[in-house]
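Here's run.cif, which has mmCIF, C-alpha atoms:
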data_coords
loop_
_atom_site.label_atom_id
_atom_site.label_comp_id
_atom_site.auth_asym_id
_atom_site.auth_seq_id
_atom_site.Cartn_x
_atom_site.Cartn_y
_atom_site.Cartn_z
CA MET A 104 184.90 188.38 71.32
CA TRP A 105 183.96 185.96 68.53
CA LYS A 106 185.29 183.01 70.58
CA ILE A 107 183.20 184.00 73.62
CA SER A 108 180.03 184.30 71.49
CA PHE A 109 180.72 180.92 69.86
CA LEU A 110 181.27 179.31 73.27
CA PHE A 111 178.02 180.86 74.57
CA VAL A 112 176.06 179.43 71.60
CA ILE A 113 177.50 175.97 72.23
CA LEU A 114 176.60 176.11 75.93
CA VAL A 115 173.03 177.22 75.19
CA ALA A 116 172.57 174.51 72.55
CA SER A 117 173.93 171.91 74.97
CA ALA A 118 171.49 173.02 77.68
CA PHE A 119 168.54 172.75 75.27
CA ALA A 120 169.63 169.28 74.21
CA GLN A 121 169.88 168.17 77.85
CA ASN A 122 166.38 169.51 78.62
CA ALA A 123 164.95 167.70 75.58
CA LYS A 124 166.41 164.42 76.84
CA GLN A 125 165.00 164.93 80.34
CA SER A 126 161.48 165.78 79.17
CA SER A 127 161.07 162.71 76.99
CA ALA A 128 159.34 159.58 78.28
CA PRO A 129 161.59 157.00 79.93
CA SER A 130 162.70 154.07 77.79
CA GLY A 131 160.02 151.40 77.58
CA GLN A 132 157.24 153.92 78.14
CA ALA A 133 154.71 155.60 75.84
CA THR A 134 152.79 158.77 76.68
CA MET A 135 149.19 159.83 76.16
CA GLN A 136 148.10 163.38 76.93
CA MET A 137 144.59 164.18 78.16
CA GLY A 138 142.87 167.20 76.67
CA ALA A 139 139.46 168.58 77.58
CA PHE A 140 137.59 165.67 75.96
CA ASP A 141 140.23 163.45 74.34
CA TYR A 142 143.38 161.40 74.68
CA ARG A 143 146.27 162.50 72.46
CA PRO A 144 147.13 160.52 70.51
CA GLU A 145 143.93 158.51 70.53
CA GLY A 146 145.98 155.33 70.31
CA VAL A 147 149.49 154.09 71.03
CA SER A 148 151.32 150.83 70.41
CA VAL A 149 153.71 149.27 72.90
CA LYS A 150 155.39 145.93 73.50
CA ALA A 151 154.20 143.58 76.25
CA GLY A 152 155.56 144.72 79.59
CA GLN A 153 155.84 148.39 78.65
CA THR A 154 154.19 151.21 80.55
CA VAL A 155 151.95 153.99 79.26
CA ARG A 156 152.00 157.31 81.13
CA PHE A 157 148.77 159.30 81.01
CA ILE A 158 149.26 163.04 81.58
CA ASN A 159 146.27 165.26 82.36
CA ASN A 160 147.05 168.59 80.67
CA SER A 161 143.49 169.85 80.91
CA SER A 162 141.66 171.78 83.60
CA ALA A 163 139.21 168.90 84.18
CA THR A 164 139.49 165.71 86.22
CA HIS A 165 139.76 162.58 84.06
CA THR A 166 140.07 158.81 84.42
CA VAL A 167 141.50 155.96 82.39
CA THR A 168 138.82 153.30 82.79
CA ASP A 169 138.69 149.96 81.03
CA GLY A 170 135.61 147.97 81.86
CA PRO A 171 133.74 145.60 79.58
CA LEU A 172 130.13 146.48 78.89
CA ASN A 173 128.87 143.58 81.00
CA ASP A 174 129.10 145.97 83.98
CA PRO A 175 127.36 149.14 82.74
CA LYS A 176 126.64 150.36 86.28
CA LYS A 177 130.36 150.68 86.92
CA ASN A 178 131.53 152.34 83.72
CA GLY A 179 128.54 153.39 81.61
CA SER A 180 130.64 152.94 78.48
CA GLU A 181 128.94 153.02 75.11
CA ARG A 182 132.25 152.65 73.27
CA ALA A 183 132.78 148.90 73.71
CA ASP A 184 135.74 148.88 76.08
CA LEU A 185 137.91 145.90 75.29
CA LEU A 186 140.49 143.79 77.10
CA PRO A 187 142.61 140.85 75.95
CA ALA A 188 141.39 137.46 77.19
CA GLY A 189 142.30 136.89 80.82
CA GLU A 190 142.99 140.54 81.65
CA LYS A 191 141.08 142.26 84.44
CA PRO A 192 139.50 145.71 84.01
CA PHE A 193 141.52 148.64 85.31
CA ASP A 194 140.60 152.10 86.56
CA SER A 195 143.00 154.92 87.33
CA GLY A 196 140.63 156.66 89.70
CA ASP A 197 140.57 160.45 89.43
CA ILE A 198 143.52 162.03 87.66
CA GLU A 199 143.44 165.68 88.64
CA PRO A 200 144.67 168.46 86.33
CA GLN A 201 148.44 168.42 85.83
CA GLN A 202 148.73 164.95 87.40
CA THR A 203 149.84 161.67 85.83
CA TRP A 204 148.99 157.99 86.08
CA GLU A 205 150.89 155.02 84.69
CA HIS A 206 149.79 151.53 83.74
CA GLN A 207 151.90 148.58 82.65
CA PHE A 208 150.40 146.53 79.82
CA LYS A 209 151.63 142.94 80.15
CA THR A 210 149.33 140.91 77.89
CA PRO A 211 149.43 141.31 74.09
CA GLY A 212 146.17 142.50 72.55
CA THR A 213 143.93 145.54 72.30
CA TYR A 214 142.87 147.64 75.29
CA ARG A 215 140.04 150.11 74.65
CA PHE A 216 139.25 152.50 77.49
CA HIS A 217 137.42 155.72 78.26
CA CYS A 218 137.18 158.59 80.74
CA ALA A 219 134.39 157.86 83.21
CA TYR A 220 133.45 161.57 83.29
CA HIS A 221 133.69 162.34 79.58
CA GLU A 222 132.89 159.11 77.77
CA LYS A 223 129.62 160.60 76.51
CA ASP A 224 131.73 163.42 75.00
CA GLY A 225 133.71 160.82 73.05
CA MET A 226 136.76 160.60 75.30
CA SER A 227 138.11 157.15 74.55
CA GLY A 228 141.43 155.69 73.56
CA VAL A 229 143.24 152.49 72.68
CA VAL A 230 146.52 150.82 73.54
CA THR A 231 147.70 148.03 71.26
CA VAL A 232 150.20 145.66 72.86
CA ALA A 233 152.48 143.51 70.71
CA LYS A 234 154.49 140.48 71.86
#
Output the file's structure as structure tokens, nothing else.
Amino acid sequence: MWKISFLFVILVASAFAQNAKQSSAPSGQATMQMGAFDYRPEGVSVKAGQTVRFINNSSATHTVTDGPLNDPKKNGSERADLLPAGEKPFDSGDIEPQQTWEHQFKTPGTYRFHCAYHEKDGMSGVVTVAK
């Protein structure tokens, strides 16, 4: 009986370990969660060429919008969105609850972005890209 119980414990532990591996972000990818009015964590660091996956875990629709303030009609940002020199603004479009969006960051530098719907609530984040 002891051997069967021991074997059962090993099988259960192995299954948990496999699930933990499958739920982690793929290699070369960072993850940011979206709450009601925030990105979690507020900032991540990646290497040039890596992808960040944005996961909307809230019940609200969100965006990941990076647009310099020289176009306030498009983004309305008061948080000084920022892009590295030569990069073009990006916009995820609507990310519905329980949906994801991914963006590859190719150019080293700082990317500050916001949610087009909740920027006035302070929903902004940053991705820092190293060489």
Would you please work out which residue, of A:Ala163, A:Ala219, A:Met135, A:Ala233, is nearest to A:Asp184 when using all atoms listed in the file?
->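 Once distances to A:Asp184 are computed over all atoms listed in the file, the minimum belongs to A:Ala219.
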Would you translate the PyMOL selection byres ((chain A and resi 210) around 12) into the concrete set of residues it matches in this file, as a short mmCIF file (atom, residue, chain, number, x, y, z; two decimals) with C-alpha atoms, in the coordinates of the input?
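So result00.cif came out as:
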data_model
loop_
_atom_site.label_atom_id
_atom_site.label_comp_id
_atom_site.auth_asym_id
_atom_site.auth_seq_id
_atom_site.Cartn_x
_atom_site.Cartn_y
_atom_site.Cartn_z
CA VAL A 149 153.71 149.27 72.90
CA LYS A 150 155.39 145.93 73.50
CA ALA A 151 154.20 143.58 76.25
CA GLY A 152 155.56 144.72 79.59
CA GLN A 153 155.84 148.39 78.65
CA THR A 154 154.19 151.21 80.55
CA LEU A 186 140.49 143.79 77.10
CA PRO A 187 142.61 140.85 75.95
CA ALA A 188 141.39 137.46 77.19
CA GLY A 189 142.30 136.89 80.82
CA GLU A 190 142.99 140.54 81.65
CA LYS A 191 141.08 142.26 84.44
CA GLN A 207 151.90 148.58 82.65
CA PHE A 208 150.40 146.53 79.82
CA LYS A 209 151.63 142.94 80.15
CA PRO A 211 149.43 141.31 74.09
CA GLY A 212 146.17 142.50 72.55
CA THR A 213 143.93 145.54 72.30
CA TYR A 214 142.87 147.64 75.29
CA VAL A 230 146.52 150.82 73.54
CA THR A 231 147.70 148.03 71.26
CA VAL A 232 150.20 145.66 72.86
CA ALA A 233 152.48 143.51 70.71
CA LYS A 234 154.49 140.48 71.86
#
For each of A:Ala139, A:Thr134, A:Glu145, A:Asn159, take the minimum atom-to-atom distance to A:Gln202, counting only C-alpha atoms, then give the residue where this is smallest.
->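 The closest residue to A:Gln202 is A:Asn159.
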Quick one: apply the PyMOL selection byres ((chain A and resi 199) around 12) to the file and drop the selected residues here as a PyMOL selection string.
-> chain A and resi 137+157-167+195-198+200-204
Two-atom distance - atom CA of A:Gln132, atom CA of A:Lys223 (Å) | 28.5 Å
Using all atoms listed in the file, find the one residue out of A:Leu185, A:Cys218, A:Met226, A:Val155 that sits nearest to A:Gly170.
->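 Selected residue with least distance to A:Gly170: A:Leu185.
Here atom CA of A:Tyr220 is placed at a distance of 12.3 Å from atom CA of A:Asp194.
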A:Asp169 proximity check over A:Tyr142, A:Gln136, A:His217, A:His206, using only C-alpha atoms: winner is A:His217
Atom CA of A:Glu222 to atom CA of A:Arg156 measures 19.5 Å
Could you list, as a JSON list (two decimals) with C-alpha atoms, in the frame of the given file, every residue within 8 Å of A:Phe140, counting all atoms listed in the file and ignoring same-chain residues fewer than 6 positions away?
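Saved result, result32.json, follows:
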[["chain", "number", "residue", "atom", "x", "y", "z"],
["A", 221, "HIS", "CA", 133.69, 162.34, 79.58],
["A", 224, "ASP", "CA", 131.73, 163.42, 75.00],
["A", 225, "GLY", "CA", 133.71, 160.82, 73.05],
["A", 226, "MET", "CA", 136.76, 160.60, 75.30]]
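Minimum atom-to-atom distance to A:Thr168, evaluated using all atoms listed in the file, belongs to A:Phe216 out of A:Gly228, A:Phe216, A:Arg143, A:Gly138.
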